[in-house]
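Novice: Got a file for you: final03.txt, compact mmCIF, C-alpha atoms.
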```txt
# COMPACT_ATOMS: atom_id res chain seq x y z
CA MET A 88 -25.91 8.62 7.53
CA ARG A 89 -22.66 7.26 6.11
CA ILE A 90 -20.78 7.91 9.32
CA VAL A 91 -23.41 6.23 11.45
CA ALA A 92 -23.40 3.16 9.23
CA ALA A 93 -19.61 2.93 9.35
CA LYS A 94 -19.66 3.23 13.13
CA GLN A 95 -22.22 0.46 13.43
CA LEU A 96 -20.18 -1.81 11.21
CA LEU A 97 -17.07 -1.12 13.27
CA LYS A 98 -19.01 -1.85 16.45
CA ALA A 99 -20.14 -5.17 15.00
CA ASN A 100 -16.54 -5.87 14.03
CA ASP A 101 -15.34 -5.16 17.57
CA GLN A 102 -17.88 -7.61 18.93
CA LEU A 103 -16.68 -10.34 16.54
CA ALA A 104 -13.05 -9.50 17.35
CA SER A 105 -13.77 -9.98 21.02
CA GLU A 106 -15.28 -13.40 20.27
CA ASN A 107 -12.15 -14.29 18.28
CA ARG A 108 -10.05 -13.28 21.29
CA GLN A 109 -12.04 -15.62 23.53
CA ARG A 110 -11.62 -18.49 21.07
CA LEU A 111 -7.87 -17.89 20.96
CA ALA A 112 -7.60 -17.72 24.76
CA ALA A 113 -9.51 -20.98 25.16
CA ARG A 114 -6.88 -22.72 23.06
CA GLN A 115 -3.92 -20.74 24.46
CA ILE A 116 -3.08 -19.38 21.02
CA PHE A 117 -1.18 -16.11 20.78
CA CYS A 118 -2.28 -14.03 17.78
CA ILE A 119 -0.47 -11.39 15.74
CA ASN A 120 -1.96 -9.08 13.10
CA LEU A 121 0.82 -8.35 10.60
CA VAL A 122 0.24 -5.25 8.50
CA GLY A 123 2.19 -3.19 5.97
CA SER A 124 2.30 -1.97 2.37
CA PRO A 125 2.18 -4.32 -0.60
CA GLY A 126 5.68 -5.67 -1.12
CA CYS A 127 7.11 -4.58 2.24
CA GLY A 128 8.22 -8.16 2.85
CA LYS A 129 5.62 -9.61 5.21
CA THR A 130 5.73 -13.15 3.83
CA THR A 131 9.51 -13.25 3.62
CA LEU A 132 9.61 -12.01 7.23
CA LEU A 133 7.38 -14.91 8.28
CA GLU A 134 9.55 -17.42 6.44
CA GLY A 135 12.65 -16.09 8.20
CA LEU A 136 10.91 -15.91 11.57
CA PHE A 137 9.70 -19.50 11.41
CA ARG A 138 13.22 -20.67 10.54
CA GLN A 139 14.47 -18.64 13.49
CA LEU A 140 11.86 -20.00 15.92
CA ASP A 141 13.00 -23.47 14.87
CA GLY A 142 10.21 -25.34 16.63
CA ARG A 143 10.10 -23.19 19.78
CA LEU A 144 6.50 -22.29 18.87
CA SER A 145 4.07 -24.05 16.51
CA PRO A 146 2.78 -21.41 14.09
CA GLY A 147 -0.29 -21.16 11.93
CA VAL A 148 -0.95 -18.48 9.34
CA ILE A 149 -3.96 -16.77 7.80
CA GLU A 150 -3.03 -15.16 4.48
CA GLY A 151 -5.15 -12.21 3.37
CA ASP A 152 -4.94 -11.25 -0.30
CA ILE A 153 -7.20 -9.62 -2.85
CA ALA A 154 -6.53 -12.56 -5.17
CA GLY A 155 -4.23 -15.53 -5.63
CA GLN A 156 -2.65 -17.98 -3.22
CA ILE A 157 1.05 -17.30 -3.71
CA ASP A 158 1.70 -16.58 -0.04
CA ALA A 159 -0.30 -19.56 1.18
CA GLU A 160 1.75 -21.82 -1.07
CA ARG A 161 4.94 -20.42 0.47
CA MET A 162 3.66 -21.23 3.96
CA ASP A 163 2.53 -24.66 2.82
CA GLY A 164 6.04 -25.25 1.51
CA LEU A 165 7.34 -24.72 5.06
CA GLY A 166 4.82 -27.20 6.46
CA VAL A 167 2.99 -24.41 8.31
CA PRO A 168 -0.81 -24.81 8.61
CA VAL A 169 -2.32 -22.01 6.52
CA VAL A 170 -5.70 -20.66 5.44
CA GLN A 171 -5.83 -18.31 2.46
CA ILE A 172 -8.55 -15.64 2.51
CA ASN A 173 -9.24 -14.03 -0.86
CA THR A 174 -11.02 -10.77 -0.15
CA GLU A 175 -11.97 -10.27 -3.83
CA GLY A 176 -11.47 -6.53 -3.79
CA MET A 177 -11.86 -5.81 -0.08
CA CYS A 178 -8.91 -3.74 1.13
CA HIS A 179 -8.51 -5.25 4.61
CA LEU A 180 -9.37 -8.29 6.67
CA ASP A 181 -12.11 -8.00 9.29
CA ALA A 182 -12.94 -10.04 12.38
CA ASN A 183 -15.71 -11.93 10.59
CA MET A 184 -13.27 -13.26 7.97
CA ILE A 185 -10.95 -14.45 10.72
CA ALA A 186 -13.83 -16.26 12.43
CA ALA A 187 -14.63 -17.96 9.11
CA ALA A 188 -11.01 -19.06 8.68
CA TRP A 189 -10.82 -20.41 12.22
CA ASP A 190 -12.24 -23.85 11.37
CA GLY A 191 -9.23 -24.44 9.12
CA PHE A 192 -7.07 -24.80 12.21
CA SER A 193 -9.29 -27.13 14.23
CA ALA A 194 -6.87 -30.04 13.87
CA ALA A 195 -3.65 -28.06 14.38
CA PRO A 196 -2.09 -27.62 17.84
CA LEU A 197 -1.01 -23.98 17.45
CA ASP A 198 1.03 -21.79 19.80
CA VAL A 199 0.85 -18.71 17.64
CA LEU A 200 -1.49 -17.62 14.83
CA ILE A 201 -0.15 -14.95 12.53
CA ILE A 202 -2.60 -13.08 10.34
CA GLU A 203 -0.88 -11.60 7.31
CA ASN A 204 -3.24 -8.80 6.39
CA VAL A 205 -3.88 -7.40 2.90
CA GLY A 206 -1.02 -5.11 1.82
CA ASN A 207 -2.42 -1.73 2.82
CA LEU A 208 -1.05 0.97 5.08
CA VAL A 209 -4.42 2.70 5.52
CA CYS A 210 -7.55 0.55 5.75
CA THR A 211 -6.09 -2.22 7.88
CA ALA A 212 -5.51 0.29 10.70
CA GLY A 213 -9.19 0.49 11.65
CA TYR A 214 -10.05 -3.18 12.14
CA ASP A 215 -9.44 -5.17 15.29
CA LEU A 216 -9.21 -8.85 14.35
CA GLY A 217 -8.99 -10.13 17.92
CA GLU A 218 -5.19 -10.23 17.89
CA HIS A 219 -2.95 -9.82 20.93
CA LEU A 220 -0.36 -7.73 19.08
CA ARG A 221 -0.32 -5.66 15.93
CA VAL A 222 3.02 -5.57 14.14
CA VAL A 223 3.61 -3.12 11.29
CA VAL A 224 6.26 -3.77 8.64
CA LEU A 225 8.08 -1.02 6.71
CA SER A 226 10.69 -1.77 4.08
CA VAL A 227 13.78 0.39 3.72
CA ALA A 228 12.85 0.75 0.02
CA GLU A 229 9.59 2.53 0.90
CA GLY A 230 11.37 5.57 2.26
CA ASP A 231 11.65 7.09 5.72
CA ASP A 232 8.65 9.47 5.44
CA LYS A 233 5.89 6.88 5.77
CA LEU A 234 5.21 7.45 9.48
CA ILE A 235 4.40 11.08 8.75
CA LYS A 236 2.14 10.24 5.82
CA TYR A 237 0.32 7.23 7.32
CA PRO A 238 0.41 7.90 11.07
CA ALA A 239 -2.63 5.90 12.24
CA ILE A 240 -1.31 2.44 11.52
CA PHE A 241 2.03 3.11 13.21
CA GLN A 242 0.31 4.74 16.17
CA ARG A 243 -1.82 1.62 16.71
CA SER A 244 0.99 -0.93 16.47
CA ASP A 245 2.92 -2.71 19.20
CA ALA A 246 6.05 -3.15 17.13
CA LEU A 247 7.60 -1.85 13.94
CA VAL A 248 9.77 -4.19 11.90
CA VAL A 249 12.00 -2.39 9.41
CA THR A 250 12.74 -4.90 6.64
CA LYS A 251 15.23 -5.16 3.75
CA ARG A 252 17.96 -3.42 5.71
CA ASP A 253 20.45 -4.88 3.20
CA LEU A 254 19.15 -2.17 0.84
CA LEU A 255 20.23 0.66 3.20
CA PRO A 256 23.45 1.40 1.25
CA HIS A 257 21.43 1.74 -1.97
CA THR A 258 18.74 4.12 -0.64
CA ASN A 259 18.48 7.44 1.22
CA PHE A 260 16.53 5.83 4.07
CA ASP A 261 17.33 7.41 7.45
CA ILE A 262 16.62 4.86 10.18
CA SER A 263 17.12 7.41 12.98
CA ARG A 264 14.33 9.54 11.50
CA VAL A 265 12.00 6.52 11.52
CA ARG A 266 12.95 5.64 15.08
CA GLY A 267 12.29 9.24 16.13
CA ASP A 268 8.86 9.32 14.45
CA MET A 269 7.92 5.94 15.97
CA GLU A 270 9.01 7.12 19.44
CA ARG A 271 6.68 10.09 19.01
CA LEU A 272 3.71 8.14 17.56
CA ALA A 273 3.93 4.96 19.65
CA PRO A 274 6.41 5.37 22.51
CA GLN A 275 5.58 1.93 23.91
CA ALA A 276 6.35 0.09 20.66
CA GLU A 277 9.46 -1.96 19.96
CA VAL A 278 11.47 -1.33 16.78
CA PHE A 279 13.36 -4.13 15.01
CA GLU A 280 15.63 -3.92 11.97
CA VAL A 281 15.95 -7.07 9.89
CA ASP A 282 17.14 -8.59 6.68
CA ALA A 283 14.72 -11.49 6.59
CA LEU A 284 16.24 -13.20 3.54
CA ARG A 285 19.60 -13.54 5.27
CA GLY A 286 18.14 -13.86 8.78
CA ASP A 287 19.82 -10.79 10.28
CA GLY A 288 17.97 -9.32 13.26
CA LEU A 289 15.41 -12.12 13.48
CA ALA A 290 16.74 -13.60 16.73
CA GLU A 291 15.73 -10.46 18.67
CA LEU A 292 12.28 -10.46 17.04
CA ALA A 293 11.72 -14.16 17.78
CA ASP A 294 12.78 -13.76 21.42
CA TRP A 295 10.46 -10.79 21.82
CA LEU A 296 7.50 -12.76 20.41
CA VAL A 297 8.17 -15.70 22.70
CA SER A 298 8.29 -13.44 25.76
CA ARG A 299 5.23 -11.41 24.72
CA ARG A 300 3.30 -14.64 24.19
CA GLN A 301 4.21 -15.80 27.67
CA ALA A 302 3.15 -12.50 29.20
CA ALA A 303 -0.15 -12.37 27.28
CA LEU A 304 -1.26 -15.90 28.09
CA GLN A 305 -0.27 -15.68 31.75
CA ALA A 306 -2.15 -12.44 32.25
CA PRO A 307 -5.30 -12.82 34.34
CA MET B 78 -28.26 -2.49 1.71
CA ARG B 79 -24.51 -1.94 2.01
CA ILE B 80 -23.92 -2.89 -1.60
CA VAL B 81 -26.66 -0.60 -2.86
CA ALA B 82 -25.28 2.33 -0.87
CA ALA B 83 -21.77 1.74 -2.20
CA LYS B 84 -23.13 1.58 -5.75
CA GLN B 85 -24.97 4.86 -5.29
CA LEU B 86 -21.86 6.54 -3.95
CA LEU B 87 -19.83 5.27 -6.89
CA LYS B 88 -22.50 6.53 -9.28
CA ALA B 89 -22.35 9.97 -7.64
CA ASN B 90 -18.56 9.81 -7.94
CA ASP B 91 -18.79 8.99 -11.65
CA GLN B 92 -21.06 12.00 -12.19
CA LEU B 93 -18.56 14.31 -10.44
CA ALA B 94 -15.67 12.73 -12.37
CA SER B 95 -17.47 13.49 -15.61
CA GLU B 96 -17.86 17.13 -14.52
CA ASN B 97 -14.13 17.24 -13.72
CA ARG B 98 -13.43 15.92 -17.21
CA GLN B 99 -15.50 18.72 -18.75
CA ARG B 100 -13.67 21.34 -16.69
CA LEU B 101 -10.32 19.93 -17.81
CA ALA B 102 -11.39 19.86 -21.47
CA ALA B 103 -12.57 23.47 -21.32
CA ARG B 104 -9.07 24.52 -20.29
CA GLN B 105 -7.25 21.99 -22.52
CA ILE B 106 -5.62 20.36 -19.50
CA PHE B 107 -4.50 16.76 -19.79
CA CYS B 108 -4.95 14.84 -16.52
CA ILE B 109 -3.20 11.80 -15.10
CA ASN B 110 -4.18 9.77 -12.03
CA LEU B 111 -0.95 8.37 -10.58
CA VAL B 112 -1.47 5.38 -8.29
CA GLY B 113 0.73 2.87 -6.47
CA SER B 114 1.76 1.51 -3.07
CA PRO B 115 3.14 3.72 -0.31
CA GLY B 116 6.81 4.25 -1.04
CA CYS B 117 6.78 3.01 -4.63
CA GLY B 118 8.38 6.30 -5.71
CA LYS B 119 5.50 8.36 -7.13
CA THR B 120 6.84 11.74 -6.01
CA THR B 121 10.41 11.00 -7.08
CA LEU B 122 9.02 9.92 -10.45
CA LEU B 123 7.25 13.27 -10.82
CA GLU B 124 10.41 15.18 -9.89
CA GLY B 125 12.37 13.29 -12.52
CA LEU B 126 9.62 13.60 -15.12
CA PHE B 127 9.34 17.38 -14.71
CA ARG B 128 13.11 17.74 -15.11
CA GLN B 129 12.84 15.58 -18.23
CA LEU B 130 9.91 17.56 -19.69
CA ASP B 131 12.08 20.68 -19.20
CA GLY B 132 9.33 23.17 -20.02
CA ARG B 133 7.71 21.20 -22.88
CA LEU B 134 4.51 21.06 -20.78
CA SER B 135 3.46 23.22 -17.80
CA PRO B 136 2.51 20.82 -15.01
CA GLY B 137 0.33 21.18 -11.93
CA VAL B 138 0.02 18.59 -9.17
CA ILE B 139 -2.60 17.50 -6.65
CA GLU B 140 -1.00 15.61 -3.78
CA GLY B 141 -3.21 13.16 -1.90
CA ASP B 142 -2.01 12.03 1.51
CA ILE B 143 -3.59 10.82 4.72
CA ALA B 144 -1.58 13.46 6.58
CA GLY B 145 1.33 15.86 6.14
CA GLN B 146 2.51 17.98 3.24
CA ILE B 147 5.93 16.52 2.53
CA ASP B 148 5.16 15.81 -1.13
CA ALA B 149 3.55 19.21 -1.74
CA GLU B 150 6.68 20.87 -0.38
CA ARG B 151 8.80 18.87 -2.82
CA MET B 152 6.64 20.08 -5.74
CA ASP B 153 6.72 23.62 -4.40
CA GLY B 154 10.50 23.39 -4.35
CA LEU B 155 10.41 22.72 -8.10
CA GLY B 156 8.16 25.74 -8.69
CA VAL B 157 5.26 23.47 -9.72
CA PRO B 158 1.75 24.69 -8.74
CA VAL B 159 0.46 22.21 -6.17
CA VAL B 160 -2.58 21.59 -3.99
CA GLN B 161 -2.23 19.21 -1.04
CA ILE B 162 -5.30 17.20 -0.10
CA ASN B 163 -5.18 15.64 3.37
CA THR B 164 -7.73 12.87 3.41
CA GLU B 165 -7.50 12.44 7.19
CA GLY B 166 -7.85 8.70 7.15
CA MET B 167 -9.60 8.20 3.81
CA CYS B 168 -7.75 5.60 1.76
CA HIS B 169 -8.20 7.11 -1.71
CA LEU B 170 -9.02 10.36 -3.48
CA ASP B 171 -12.48 10.77 -5.01
CA ALA B 172 -13.82 13.05 -7.73
CA ASN B 173 -15.36 15.42 -5.20
CA MET B 174 -11.97 16.09 -3.58
CA ILE B 175 -10.50 16.86 -7.01
CA ALA B 176 -13.31 19.31 -7.72
CA ALA B 177 -12.58 21.01 -4.38
CA ALA B 178 -8.88 21.31 -5.22
CA TRP B 179 -9.59 22.70 -8.68
CA ASP B 180 -9.86 26.32 -7.51
CA GLY B 181 -6.23 26.18 -6.42
CA PHE B 182 -5.19 26.17 -10.08
CA SER B 183 -7.41 29.00 -11.33
CA ALA B 184 -4.43 31.31 -11.89
CA ALA B 185 -2.06 28.70 -13.36
CA PRO B 186 -1.89 28.06 -17.14
CA LEU B 187 -1.55 24.28 -17.00
CA ASP B 188 -0.93 21.78 -19.81
CA VAL B 189 -1.03 18.74 -17.59
CA LEU B 190 -2.49 18.07 -14.14
CA ILE B 191 -1.06 15.10 -12.31
CA ILE B 192 -3.00 13.71 -9.37
CA GLU B 193 -0.73 11.78 -7.03
CA ASN B 194 -3.19 9.52 -5.28
CA VAL B 195 -2.92 8.15 -1.73
CA GLY B 196 -0.43 5.28 -1.57
CA ASN B 197 -2.78 2.32 -1.91
CA LEU B 198 -2.85 -0.53 -4.40
CA VAL B 199 -6.47 -1.48 -3.62
CA CYS B 200 -8.95 1.30 -2.89
CA THR B 201 -7.72 3.78 -5.49
CA ALA B 202 -8.66 1.29 -8.24
CA GLY B 203 -12.39 1.92 -7.90
CA TYR B 204 -12.57 5.71 -8.21
CA ASP B 205 -12.62 7.63 -11.47
CA LEU B 206 -11.31 11.15 -10.79
CA GLY B 207 -12.00 12.49 -14.27
CA GLU B 208 -8.49 11.76 -15.53
CA HIS B 209 -7.53 10.99 -19.12
CA LEU B 210 -5.00 8.34 -18.14
CA ARG B 211 -4.35 6.18 -15.13
CA VAL B 212 -0.71 5.31 -14.54
CA VAL B 213 0.25 2.70 -11.96
CA VAL B 214 3.69 2.64 -10.37
CA LEU B 215 5.42 -0.49 -9.06
CA SER B 216 8.85 -0.44 -7.47
CA VAL B 217 11.34 -3.23 -8.06
CA ALA B 218 11.64 -3.51 -4.27
CA GLU B 219 7.96 -4.51 -3.95
CA GLY B 220 8.49 -7.82 -5.71
CA ASP B 221 7.26 -9.22 -9.00
CA ASP B 222 4.11 -10.92 -7.64
CA LYS B 223 2.02 -7.79 -7.15
CA LEU B 224 0.03 -8.04 -10.39
CA ILE B 225 -1.25 -11.45 -9.30
CA LYS B 226 -2.16 -10.24 -5.82
CA TYR B 227 -3.69 -6.86 -6.74
CA PRO B 228 -4.99 -7.39 -10.27
CA ALA B 229 -7.74 -4.73 -10.45
CA ILE B 230 -5.54 -1.66 -10.33
CA PHE B 231 -3.19 -2.98 -13.01
CA GLN B 232 -6.10 -4.08 -15.16
CA ARG B 233 -7.57 -0.57 -15.09
CA SER B 234 -4.35 1.32 -15.88
CA ASP B 235 -3.11 2.74 -19.19
CA ALA B 236 0.55 2.42 -18.27
CA LEU B 237 2.76 0.69 -15.73
CA VAL B 238 5.94 2.43 -14.63
CA VAL B 239 8.41 0.09 -12.95
CA THR B 240 10.56 2.28 -10.67
CA LYS B 241 13.87 1.87 -8.79
CA ARG B 242 15.34 -0.33 -11.47
CA ASP B 243 18.77 0.47 -10.00
CA LEU B 244 17.78 -1.99 -7.23
CA LEU B 245 17.37 -4.89 -9.72
CA PRO B 246 20.81 -6.39 -8.93
CA HIS B 247 19.94 -6.41 -5.20
CA THR B 248 16.53 -8.09 -5.48
CA ASN B 249 14.97 -11.20 -7.03
CA PHE B 250 12.57 -9.10 -9.13
CA ASP B 251 11.83 -10.70 -12.51
CA ILE B 252 10.84 -7.94 -14.94
CA SER B 253 9.81 -10.42 -17.65
CA ARG B 254 7.30 -11.98 -15.25
CA VAL B 255 5.80 -8.52 -14.61
CA ARG B 256 5.67 -7.72 -18.32
CA GLY B 257 3.94 -11.05 -18.96
CA ASP B 258 1.34 -10.47 -16.22
CA MET B 259 0.69 -6.92 -17.47
CA GLU B 260 0.29 -8.16 -21.05
CA ARG B 261 -2.34 -10.57 -19.76
CA LEU B 262 -4.18 -8.09 -17.48
CA ALA B 263 -3.98 -4.97 -19.65
CA PRO B 264 -2.73 -5.79 -23.15
CA GLN B 265 -3.23 -2.19 -24.32
CA ALA B 266 -1.04 -0.68 -21.59
CA GLU B 267 2.50 0.62 -22.02
CA VAL B 268 5.26 -0.53 -19.68
CA PHE B 269 8.19 1.71 -18.75
CA GLU B 270 11.24 0.90 -16.63
CA VAL B 271 12.89 3.82 -14.90
CA ASP B 272 15.40 4.93 -12.31
CA ALA B 273 13.82 8.29 -11.54
CA LEU B 274 16.59 9.50 -9.23
CA ARG B 275 19.19 9.17 -12.00
CA GLY B 276 16.75 9.95 -14.83
CA ASP B 277 17.12 6.63 -16.69
CA GLY B 278 14.12 5.71 -18.83
CA LEU B 279 12.29 9.00 -18.28
CA ALA B 280 12.76 10.29 -21.85
CA GLU B 281 10.51 7.53 -23.21
CA LEU B 282 7.88 8.21 -20.54
CA ALA B 283 7.92 11.97 -21.17
CA ASP B 284 7.59 11.48 -24.94
CA TRP B 285 4.70 9.10 -24.45
CA LEU B 286 2.87 11.60 -22.21
CA VAL B 287 3.36 14.42 -24.69
CA SER B 288 1.97 12.31 -27.53
CA ARG B 289 -0.93 10.93 -25.46
CA ARG B 290 -1.83 14.49 -24.44
CA GLN B 291 -1.91 15.56 -28.06
CA ALA B 292 -4.10 12.61 -29.04
CA ALA B 293 -6.53 13.13 -26.13
CA LEU B 294 -7.04 16.86 -26.65
CA GLN B 295 -7.38 16.59 -30.43
CA ALA B 296 -9.95 13.83 -30.17
CA PRO B 297 -13.48 14.93 -31.14
```
Please express the file's structure as structure tokens.
Specialist:
Amino acid sequence: MRIVAAKQLLKANDQLASENRQRLAARQIFCINLVGSPGCGKTTLLEGLFRQLDGRLSPGVIEGDIAGQIDAERMDGLGVPVVQINTEGMCHLDANMIAAAWDGFSAAPLDVLIIENVGNLVCTAGYDLGEHLRVVVLSVAEGDDKLIKYPAIFQRSDALVVTKRDLLPHTNFDISRVRGDMERLAPQAEVFEVDALRGDGLAELADWLVSRRQAALQAP
Amino acid sequence: MRIVAAKQLLKANDQLASENRQRLAARQIFCINLVGSPGCGKTTLLEGLFRQLDGRLSPGVIEGDIAGQIDAERMDGLGVPVVQINTEGMCHLDANMIAAAWDGFSAAPLDVLIIENVGNLVCTAGYDLGEHLRVVVLSVAEGDDKLIKYPAIFQRSDALVVTKRDLLPHTNFDISRVRGDMERLAPQAEVFEVDALRGDGLAELADWLVSRRQAALQAP
């Protein structure tokens, strides 16, 4: 009974995700679902990325958090249109929440919508939000064994961004191990290494997003 | 309908947790539910803590992971009795899984059983496993805003262990902000600051556990 119910809910979610995808296509908005552990540096990555993009794309952001609006305020401070979703205990965003947030962007001419998911390396893996790309973030401080322990989310991502690489000298993080595990789990995925606070490595990530956007929106 | 079902499942979980508690009491085993984000340093904390306890208490460990047995192998390497639970996608441990793992300790004379939960700052908050204490771990590298964003798990914990304090000089983590938020969310909770790799701060934590064990098992 429980399994059937879960499957039906996921099916309903997939239907809503597909409607989100149509809405995005109609407005030529490229959408990214950004996932990762609490504190892996998702918001700081966005701040650095938007500085790096420097007007090449107009971004909008949906912030998913259990509580609070800290991240939304950071986006607001950059002048980026933002909608904060408070899930009030729910451990992931779903397609229905994204549809509800959509109205918040009706006035904004967006090129890219980034959904910063709830910090969670497990539950976010199962929910399609209607995005074009899923990008998973892993901080050097989390250790190099996370792909073994939480394989699903890495397997289902189009890129891995390794953050806080400035901490490499202070940890036992082995980046070649992570690259090897990612190659095995998701051979098609790109891997980026960044220090988002200082901006290192963000140029490659920004270029990749611009080119993936072009490819996605030109596709038939 | 969904809410009712979830409530019934949680009620069933509470019943099983209470049975776990009785089993633990019958064998005078003190039990800790250790929670925190992926990569916050739960396993390294246990390694340091067991070195610090240095035979004062005989520990056993249940390792909860989505996949793999990396953490169980680390405990095994220390000669600590360990049972690995692979949840295969499930984002938290529940009382039923603990009951199933219990048989693995039938031969071991334990003083303390530590349950290292799945790395997850959200879903683990809702499930009583039958433990005496819940201890939440937060690494300096995760940032000082986590108590605002994920309040429930901090609110329901008996202690907060701030790990990786050796990284303080390399981050913008404000420990006084975290102490203030914890005081507000869980005024009764203890706060410890440790560098588990080097052993700093573990003496206080070990002493606290020993005294809390004594108090819990002497209680009527």
Novice: Counting all atoms listed in the file, figure out which residue out of A:Ala302, A:Arg264, A:Val205, A:Ala290 gets nearest to chain B.
Specialist: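 With all atoms listed in the file as the atom set, the closest residue is A:Val205.
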Novice: Please work out which residues fall within 10 Å of (9.3, -13.9, 10.6), coordinates as given in the file, with only C-alpha atoms counting, and return them as number ranges by chain.
Specialist: A: 128-140, 201, 248, 281, 283-284, 286, 289-290, 292-293
Novice: Report as an mmCIF file with C-alpha atoms, in the coordinates of the input the set of chain B residues whose atoms approach chain A to within 9 Å, with distances computed over only C-alpha atoms.
Specialist:
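What follows is the written file part_8.cif:
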```cif
data_model
loop_
_atom_site.group_PDB
_atom_site.id
_atom_site.type_symbol
_atom_site.label_atom_id
_atom_site.label_comp_id
_atom_site.auth_asym_id
_atom_site.auth_seq_id
_atom_site.Cartn_x
_atom_site.Cartn_y
_atom_site.Cartn_z
ATOM 1 C CA ARG B 79 -24.510 -1.940 2.010
ATOM 2 C CA ALA B 82 -25.280 2.330 -0.870
ATOM 3 C CA SER B 114 1.760 1.510 -3.070
ATOM 4 C CA PRO B 115 3.140 3.720 -0.310
ATOM 5 C CA GLY B 116 6.810 4.250 -1.040
ATOM 6 C CA CYS B 117 6.780 3.010 -4.630
ATOM 7 C CA GLY B 118 8.380 6.300 -5.710
ATOM 8 C CA ASP B 142 -2.010 12.030 1.510
ATOM 9 C CA ILE B 143 -3.590 10.820 4.720
ATOM 10 C CA ALA B 144 -1.580 13.460 6.580
ATOM 11 C CA GLY B 145 1.330 15.860 6.140
ATOM 12 C CA GLN B 146 2.510 17.980 3.240
ATOM 13 C CA ILE B 147 5.930 16.520 2.530
ATOM 14 C CA GLY B 166 -7.850 8.700 7.150
ATOM 15 C CA MET B 167 -9.600 8.200 3.810
ATOM 16 C CA CYS B 168 -7.750 5.600 1.760
ATOM 17 C CA GLY B 196 -0.430 5.280 -1.570
ATOM 18 C CA ASN B 197 -2.780 2.320 -1.910
ATOM 19 C CA LEU B 198 -2.850 -0.530 -4.400
ATOM 20 C CA VAL B 199 -6.470 -1.480 -3.620
ATOM 21 C CA CYS B 200 -8.950 1.300 -2.890
ATOM 22 C CA SER B 216 8.850 -0.440 -7.470
ATOM 23 C CA ALA B 218 11.640 -3.510 -4.270
ATOM 24 C CA GLU B 219 7.960 -4.510 -3.950
ATOM 25 C CA GLY B 220 8.490 -7.820 -5.710
ATOM 26 C CA ASP B 221 7.260 -9.220 -9.000
ATOM 27 C CA ASP B 222 4.110 -10.920 -7.640
ATOM 28 C CA LYS B 223 2.020 -7.790 -7.150
ATOM 29 C CA ILE B 225 -1.250 -11.450 -9.300
ATOM 30 C CA LYS B 226 -2.160 -10.240 -5.820
ATOM 31 C CA TYR B 227 -3.690 -6.860 -6.740
ATOM 32 C CA PRO B 228 -4.990 -7.390 -10.270
ATOM 33 C CA ALA B 229 -7.740 -4.730 -10.450
ATOM 34 C CA LYS B 241 13.870 1.870 -8.790
ATOM 35 C CA ASP B 243 18.770 0.470 -10.000
ATOM 36 C CA LEU B 244 17.780 -1.990 -7.230
ATOM 37 C CA HIS B 247 19.940 -6.410 -5.200
#
```
Novice: Using only C-alpha atoms, find the one residue out of B:Asp171, B:Glu267, B:Glu260, B:Asp188 that sits nearest to B:Val157.
Specialist: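 Comparing B:Asp171, B:Glu267, B:Glu260, B:Asp188 against B:Val157, the winner is B:Asp188.
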Novice: Which distance in Å separates atom CA of B:Ile192 and atom CA of B:Asn110, to one decimal?
Specialist: 4.9 Å
Novice: Could you work out how far atom CA of A:Ile185 lies from atom CA of A:Leu103, giving the answer in Å with one decimal?
Specialist: 9.1 Å
Novice: Report, in Å with one decimal, the straight-line distance from atom CA of B:Gln265 to atom CA of B:Asp235.
Specialist: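 Computing it gives 7.1 Å between the two atoms.
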Novice: Using all atoms listed in the file, collect all residues at a distance of at most 7 Å from (1.8, -25.7, 9.9) as written in the file, then present them as a list in words.
Specialist: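 Looking at atoms near the point gives Pro146, Gly147, Gly166, Val167, Pro168 and Val169 of chain A.
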Novice: When you count only C-alpha atoms, which of these residues is closest to B:Leu206: B:Met152, B:Leu245, B:Met259, B:Ala172?
Specialist: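 Among B:Met152, B:Leu245, B:Met259, B:Ala172, it is B:Ala172 that comes nearest to B:Leu206.
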Novice: Neighbouring residues of B:Ala94 were defined as those with any atom within 12 Å, considering all atoms listed in the file; residues of the same chain fewer than 5 positions away were excluded. Please report them as a PyMOL selection string.
Specialist: chain B and resi 87-89+99-101+108+110+170-177+204-209
Novice: Restricting it to C-alpha atoms, dump the selection as a compact mmCIF listing (two decimals), in the frame of the given file.
Specialist:
```txt
# COMPACT_ATOMS: atom_id res chain seq x y z
CA LEU B 87 -19.83 5.27 -6.89
CA LYS B 88 -22.50 6.53 -9.28
CA ALA B 89 -22.35 9.97 -7.64
CA GLN B 99 -15.50 18.72 -18.75
CA ARG B 100 -13.67 21.34 -16.69
CA LEU B 101 -10.32 19.93 -17.81
CA CYS B 108 -4.95 14.84 -16.52
CA ASN B 110 -4.18 9.77 -12.03
CA LEU B 170 -9.02 10.36 -3.48
CA ASP B 171 -12.48 10.77 -5.01
CA ALA B 172 -13.82 13.05 -7.73
CA ASN B 173 -15.36 15.42 -5.20
CA MET B 174 -11.97 16.09 -3.58
CA ILE B 175 -10.50 16.86 -7.01
CA ALA B 176 -13.31 19.31 -7.72
CA ALA B 177 -12.58 21.01 -4.38
CA TYR B 204 -12.57 5.71 -8.21
CA ASP B 205 -12.62 7.63 -11.47
CA LEU B 206 -11.31 11.15 -10.79
CA GLY B 207 -12.00 12.49 -14.27
CA GLU B 208 -8.49 11.76 -15.53
CA HIS B 209 -7.53 10.99 -19.12
```
